2 protein chains.
Amino acid sequence: MNAGHPAPRMAAVSAPARVAGAGEGIGAQELALAARNHALPLEALRHEVTSIGLHYVLTHYDIPATDAARWRLTVHGRVGTPLNLGLAALRSLAAVTVRVTMECAGNGRARLSPRPVSQPWLDGAVGTADWTGVPLRTLLAAAELAPGTVEAVFTGADHGVERGVEQDYRRSLPLQVALDPDRTVLVAYGMNGGPIPPQHGSPLRLVVPGWYGMAGVKWLREIVLTDTPFTGFQQAVAYRYRQSADDPGEPVTRIAPRALLIPPGFPDFMSRTRVVRPGPLLLEGRAWSGHAPVSRVEVSADAGLSWQDAELDPPGPHPWAWRHWRCPWTAAPGEHLLAARATDAEGRTQPVRQRWTRGGFGNNAVQLVPVACR
Amino acid sequence: MNAGHPAPRMAAVSAPARVAGAGEGIGAQELALAARNHALPLEALRHEVTSIGLHYVLTHYDIPATDAARWRLTVHGRVGTPLNLGLAALRSLAAVTVRVTMECAGNGRARLSPRPVSQPWLDGAVGTADWTGVPLRTLLAAAELAPGTVEAVFTGADHGVERGVEQDYRRSLPLQVALDPDRTVLVAYGMNGGPIPPQHGSPLRLVVPGWYGMAGVKWLREIVLTDTPFTGFQQAVAYRYRQSADDPGEPVTRIAPRALLIPPGFPDFMSRTRVVRPGPLLLEGRAWSGHAPVSRVEVSADAGLSWQDAELDPPGPHPWAWRHWRCPWTAAPGEHLLAARATDAEGRTQPVRQRWTRGGFGNNAVQLVPVACR
C-alpha cells in the first residue's frame with residue numbers, strides 16, 4: 001500500500017497532509033469542515049446525557065443515504081457461520097444500553113502550533129449518549145470464530161477520498177478489545193432511546209467505550225474476521241501519533257483524561273469571553289478518561305498557579321461515561337483565568353502544555369476559560 | 001441609545017464590529033463560533049424535512065438552561081388582557097403545524113471580500129422543519145390589542161454581551177407581519193413532531209415563515225405590544241444592510257431566493273472536492289424564497305456560461321418550505337463547475353457576484369460546486 005502518496009488520478013482533488021505555516025489563519029478548507037462537523041457547545045455539559053444536535057459529530061466524507069428497512073450487516077472471514085442480519089434480526093437479540101462518553105481523537109487540534117491542517121477542533125468534540133444494541137461478542141460467538149483470528153475489521157457505507165486514497169471508511173479492533181468483558185463493544189441501533197440519526201450512523205454503528213470516536217465505525221455494513229492485522233488507511237496512515245510524515249508512529253486508541261468546565265456567567269457574542277457578577281458561584285463540569293475511572297478533578301482560578309480539589313459525584317453505573325464535578329468559587333472584580341484538570345485511577349493526568357503530534361491527536365491540555373468579573 | 005460603542009465596563013470583553021484585513025485568515029474567535037454553531041451538511045438536502053442535528057443552528061450567546069414545566073410566556077404592554085401562559089395552557093389552544101425553511105441572515109458571509117468578522121457561514125446555514133404551536137394572532141386576539149399598537153417585541157431567555165451592549169436577545173415585528181394571514185407566525189412548542197430541543201429554543205420560540213432566522217426569537221418568554229417601533233440592538237444596530245459603520249442601513253427581513261445543489265458523487269475529506277464517475281446522473285437540490293414561491297430553477301455545468309431549466313416538484317401545501325428540483329446531467333471526464341440558481345414568482349433571482357454589506361447579510365450568490373469526473 002502506498003497510501004501516503006495520492007494516486008495520480010486523485011492528486012488533483014486530494015492533497016497530502018500538511019501543517020499550517022507560521023501565522024497562517026484557518027483556511028477555507030478547514031472552515032468548510034468546521035461548518036459541517038460540530039462541537040458540543042460547552043454549556044451543554046450541564047446535561048449528563050447529550051441530546052441529538054448537541055453531541056459532537058465528525059463525518060469523514062458524506063453522510064450516506066441509508067435505508068433501515070433494507071439494511072444488512074454481514075459478518076464473515078474467519079468464521080464458522082457467516083452472518084447476514086437485518087435490523088429486525090438484530091433487535092430480536094438480547095439488547096444492552098451503555099452510557100458512553102465519545103470524543104474525537106482530533107479534539108484540540110486547532111490549538112496546536114504549528115497547526116495540523118484538518119478538522120479544526122477547539123475543545124468541544126465530545127458528547128455522552130445512551131447507546132442501545134447488541135454486544136459485539138454476541139455476534140462473534142454466533143459466527144463461531146476460527147482459531148488464529150486476531151482482528152475484526154469494520155466497514156461503513158461512507159465513501160470518499162482521503163490523501164489520495166479512495167476508500168470506504170474502515171477500521172479494525174484487536175480481538176481482545178472486541179471481546180473485552182470490561183468494555184462492552186456494541187453494534188448499536190439506538191441512541192438516547194430512539195433510532196440512531198443519520199449523522200451518527202443510521203441505522204447501525206459500532207460503539208467502543210473508552211476509545212476515541214474513530215473506532216466507532218458508523219453506517220456499519222460489514223465485519224470481517226482476519227488472521228492478520230488490518231493495515232488500511234484509517235489504521236496505518238491516519239490516526240497515528242507521529243512526529244513527522246516519515247514516522248510510523250503509534251496507533252491512536254483510548255481517550256486521554258480530560259475535564260471540561262461549563263463556562264460560568266454569560267458570554268460576549270464575538271469573543272466568547274465570559275462575564276460573571278462578583279460573589280460566590282459554583283463552578284461545574286464533567287471529566288472522563290478512556291483508561292480508568294476519573295479519580296480526581298482540580299480547579300484553578302489563577303491560570304494554574306494554585307489548584308483546589310473539586311467534589312466528584314459518586315461513581316455511577318456507567319464506567320465509560322463522564323463524571324460530574326463541582327467546586328465553589330467567589331468571583332472578585334477583575335480578570336481571571338479558570339482551569340480544571342482530571343486525573344484517572346491509573347494516575348494519568350492532563351498537561352498544561354500540549355504534546356505536539358503531526359496529526360493533532362490525543363490532545364488533552366488543560367482548558368483555560370478567561371472570565372471578566374464586572 | 002449608544003449601542004454602536006461598547007460601554008466602558010464591557011469594552012475589554014466586547015470589541016466593535018469590523019471587517020477582516022486583506023488576506024486575513026479565519027481567526028480564533030470566528031473559529032470558536034463556527035465550532036458552536038453549525039450548518040446543514042449539504043447532502044442533507046436530500047431530506048424534505050431536516051432532522052435535529054442537521055438543521056442549522058445559530059446561538060448568539062449561550063443556550064439557556066430552561067425548564068418546560070415551569071416556563072411562562074407573558075403578553076403585555078398595549079393590551080386589554082395581559083396573558084401569562086404556561087406550556088399546558090398553550091397546548092390547550094388550537095394548534096397548527098407549518099413546514100418552514102429557515103435560513104440565517106448571515107449565510108454566505110465568509111465568502112465576502114472583505115469578510116465581515118462574525119459567524120463565518122459558507123452556504124449551509126439553512127434547514128426545513130415542521131413547527132407546531134399556536135398562531136401568534138390567536139394570542140394577540142386573546143390579549144385584545146389597544147388601538148395604536150404598531151409592533152410586538154419578543155424577548156428570549158438568552159443573555160449576553162454584543163458589541164459592548166449587555167442584553168437579552170430581543171427583536172420586534174410590525175403588527176401587519178405579526179397578523180399576516182399569508183404567513184402564519186407561530187409561537188411554537190414542537191419541532192418535527194417532538195418537543196423543541198434546547199438549541200432550537202426549548203420550550204418555546206417564535207417562527208416567522210419567510211423571514212431570516214433572527215426574527216424567530218428562541219427561548220421566548222415575553223411579548224410586549226408597543227405604540228412605537230422597537231430600537232433595540234438586534235433591530236437598530238445588528239441585522240441591517242449597511243455599506244459602512246455610519247450608514248443607518250435598511251432592516252434585514254425576508255429571505256432572498258436561493259437554490260442549493262446536493263453535491264454529487266463523493267468528496268475528498270479535506271478539500272471537499274467532489275468526484276463523480278463518467279456517465280448520466282441526476283443533479284438534485286432544493287430552492288426557496290421568503291418573498292414568493294420559487295417559480296424556476298436553472299442549472300449550469302459550465303460555471304454559469306449556459307443554463308438549463310431544472311424540473312421543479314409541483315407546488316405543495318407548504319408555501320414557506322423549500323421546493324425540490326432535479327436536472328439530468330451527463331458527466332464527461334475532466335473538471336466541471338456546477339451551479340444552480342432560483343427565481344421566485346416576483347422575479348427575484350440570484351446574483352453570480354454577491355452584493356457586499358458590512359454585516360454580511362442576505363447573501364444569495366449562486367453556489368458553485370467543483371466536480372472532478374474520473
# chains A, B, ... in the order shown; residues from 1 in each chain; ligands from 1
$ residues_around --residues "Gly53 (chain A)" --least-positions-apart "4" --cutoff "9 Å" --atoms "only C-alpha atoms" --output "PyMOL selection string"
(chain A and resi 38+40+57) or (chain B and resi 52-55+57+197+199)
$ write_last_selection --atoms "C-alpha atoms" --output "PDB file, in the first residue's frame"
ATOM      1  CA  HIS A  38     -19.824  20.402  15.031  1.00  0.00           C
ATOM      2  CA  LEU A  40     -20.644  20.326  21.878  1.00  0.00           C
ATOM      3  CA  VAL A  57     -20.289  14.977  15.032  1.00  0.00           C
TER       4      VAL A  57
ATOM      5  CA  ILE B  52     -32.448  17.609  14.521  1.00  0.00           C
ATOM      6  CA  GLY B  53     -28.686  17.971  14.384  1.00  0.00           C
ATOM      7  CA  LEU B  54     -28.705  18.524  10.615  1.00  0.00           C
ATOM      8  CA  HIS B  55     -30.774  21.745  10.684  1.00  0.00           C
ATOM      9  CA  VAL B  57     -28.194  26.373  14.471  1.00  0.00           C
ATOM     10  CA  PRO B 197     -34.670  20.716  21.527  1.00  0.00           C
ATOM     11  CA  GLN B 199     -30.536  24.568  20.811  1.00  0.00           C
TER      12      GLN B 199
END
$ select_by_dssp --residues "region 58-225 of chain A" --states "helix (DSSP H, G or I)" --output "list in words"
Ala68, Ala69, Arg70, Leu87, Ala88, Ala89, Leu90, Arg91, Arg109, Ala110, Arg111, Leu136, Arg137, Thr138, Leu139, Leu140, Ala141, Ala142, Ala143, Leu175, Gln176, Val177, Ala178, Pro198, Gln199, His200, Gly213, Met214 and Ala215 of chain A
$ write_last_selection --atoms "C-alpha atoms" --output "compact mmCIF listing (two decimals), in the first residue's frame"
# COMPACT_ATOMS: atom_id res chain seq x y z
CA ALA A 68 -33.01 0.92 7.79
CA ALA A 69 -35.69 -1.37 6.34
CA ARG A 70 -33.27 -2.89 3.83
CA LEU A 87 -32.35 -4.77 11.74
CA ALA A 88 -35.23 -6.98 12.83
CA ALA A 89 -32.85 -9.89 13.46
CA LEU A 90 -30.51 -7.66 15.47
CA ARG A 91 -33.40 -6.28 17.51
CA ARG A 109 -6.09 20.18 17.14
CA ALA A 110 -6.70 23.82 16.21
CA ARG A 111 -4.85 24.97 19.33
CA LEU A 136 -20.28 -7.39 19.50
CA ARG A 137 -19.24 -10.51 21.40
CA THR A 138 -22.77 -11.92 20.96
CA LEU A 139 -22.43 -11.66 17.18
CA LEU A 140 -18.88 -13.03 17.15
CA ALA A 141 -19.97 -16.00 19.28
CA ALA A 142 -22.84 -16.69 16.89
CA ALA A 143 -20.42 -16.52 13.96
CA LEU A 175 -9.92 -9.42 19.14
CA GLN A 176 -9.11 -8.88 22.82
CA VAL A 177 -10.72 -5.42 22.61
CA ALA A 178 -13.67 -6.68 20.58
CA PRO A 198 -28.32 9.96 10.05
CA GLN A 199 -25.23 11.86 11.16
CA HIS A 200 -24.46 9.39 13.97
CA GLY A 213 -14.51 8.17 18.11
CA MET A 214 -12.62 6.94 15.02
CA ALA A 215 -13.06 3.37 16.32
$ closest_residue --among "B:Pro370, B:Pro174, B:Gly249, B:Pro280" --to "chain A" --atoms "only C-alpha atoms"
B:Pro370
$ atom_distance --atom1 "CA of Thr184 (chain B)" --atom2 "CA of Asn37 (chain B)"
27.0 Å
$ closest_atom_pairs --of "chain A" --to "chain B" --cutoff "7 Å" --atoms "only C-alpha atoms" --output "tab-separated table"
residue	atom	partner	partner_atom	distance
A:Val13	CA	B:Thr273	CA	5.8
A:Ser14	CA	B:Asp268	CA	6.0
A:Glu24	CA	B:Gly25	CA	6.9
A:Gly25	CA	B:Gly25	CA	4.1
A:Ile26	CA	B:Ile26	CA	4.8
A:Gly27	CA	B:Gly25	CA	6.0
A:Gln29	CA	B:Ser271	CA	5.6
A:Ala34	CA	B:Ala35	CA	5.9
A:Ala35	CA	B:Ala39	CA	5.4
A:Arg36	CA	B:Pro41	CA	5.2
A:His38	CA	B:Ala35	CA	5.4
A:Ala39	CA	B:Ala35	CA	5.4
A:Leu40	CA	B:Arg36	CA	6.7
A:Pro41	CA	B:Arg36	CA	5.2
A:Glu43	CA	B:Asp62	CA	6.7
A:Ile52	CA	B:Gly53	CA	5.9
A:Gly53	CA	B:Gly53	CA	3.6
A:His60	CA	B:Phe269	CA	5.7
A:Tyr61	CA	B:Phe269	CA	5.6
A:Asp62	CA	B:Glu43	CA	6.7
A:Ile63	CA	B:Glu43	CA	6.8
A:Ser118	CA	B:Met270	CA	6.6
A:His159	CA	B:Phe266	CA	6.5
A:Gly160	CA	B:Pro267	CA	5.2
A:Val161	CA	B:Asp268	CA	4.4
A:Glu162	CA	B:Phe269	CA	5.2
A:Phe266	CA	B:Gly160	CA	5.3
A:Pro267	CA	B:Gly160	CA	5.2
A:Asp268	CA	B:Val161	CA	4.4
A:Phe269	CA	B:Glu162	CA	5.2
A:Met270	CA	B:Gln29	CA	6.3
A:Ser271	CA	B:Gln29	CA	5.6
A:Thr273	CA	B:Val13	CA	5.9
$ residues_around --residues "Trp71 (chain A)" --least-positions-apart "4" --cutoff "9 Å" --atoms "only C-alpha atoms" --output "count of residues only"
8
$ select_by_dssp --residues "region 55-280 of chain A" --states "strand (DSSP E)" --output "JSON, numbers by chain"
{"A": [73, 74, 75, 76, 77, 83, 84, 85, 96, 97, 98, 99, 100, 101, 102, 103, 126, 127, 128, 129, 130, 131, 132, 133, 134, 135, 151, 152, 153, 154, 155, 156, 157, 158, 159, 160, 161, 162, 165, 166, 167, 168, 169, 170, 171, 172, 173, 174, 186, 187, 188, 189, 190, 191, 194, 195, 205, 206, 207, 220, 221, 222, 223, 224, 225, 226, 240, 241, 250, 251, 258, 259, 260, 261, 266, 267, 274, 275, 276, 279, 280]}
$ atom_distance --atom1 "CA of Val79 (chain B)" --atom2 "CA of Leu173 (chain B)"
16.0 Å
$ residues_around --residues "Gln308 (chain B)" --least-positions-apart "3" --cutoff "10 Å" --atoms "only C-alpha atoms" --output "JSON, numbers by chain"
{"B": [297, 298, 299, 300, 301, 311, 327, 328, 340]}
$ atom_distance --atom1 "CA of Arg326 (chain A)" --atom2 "CA of Ile255 (chain A)"
22.2 Å
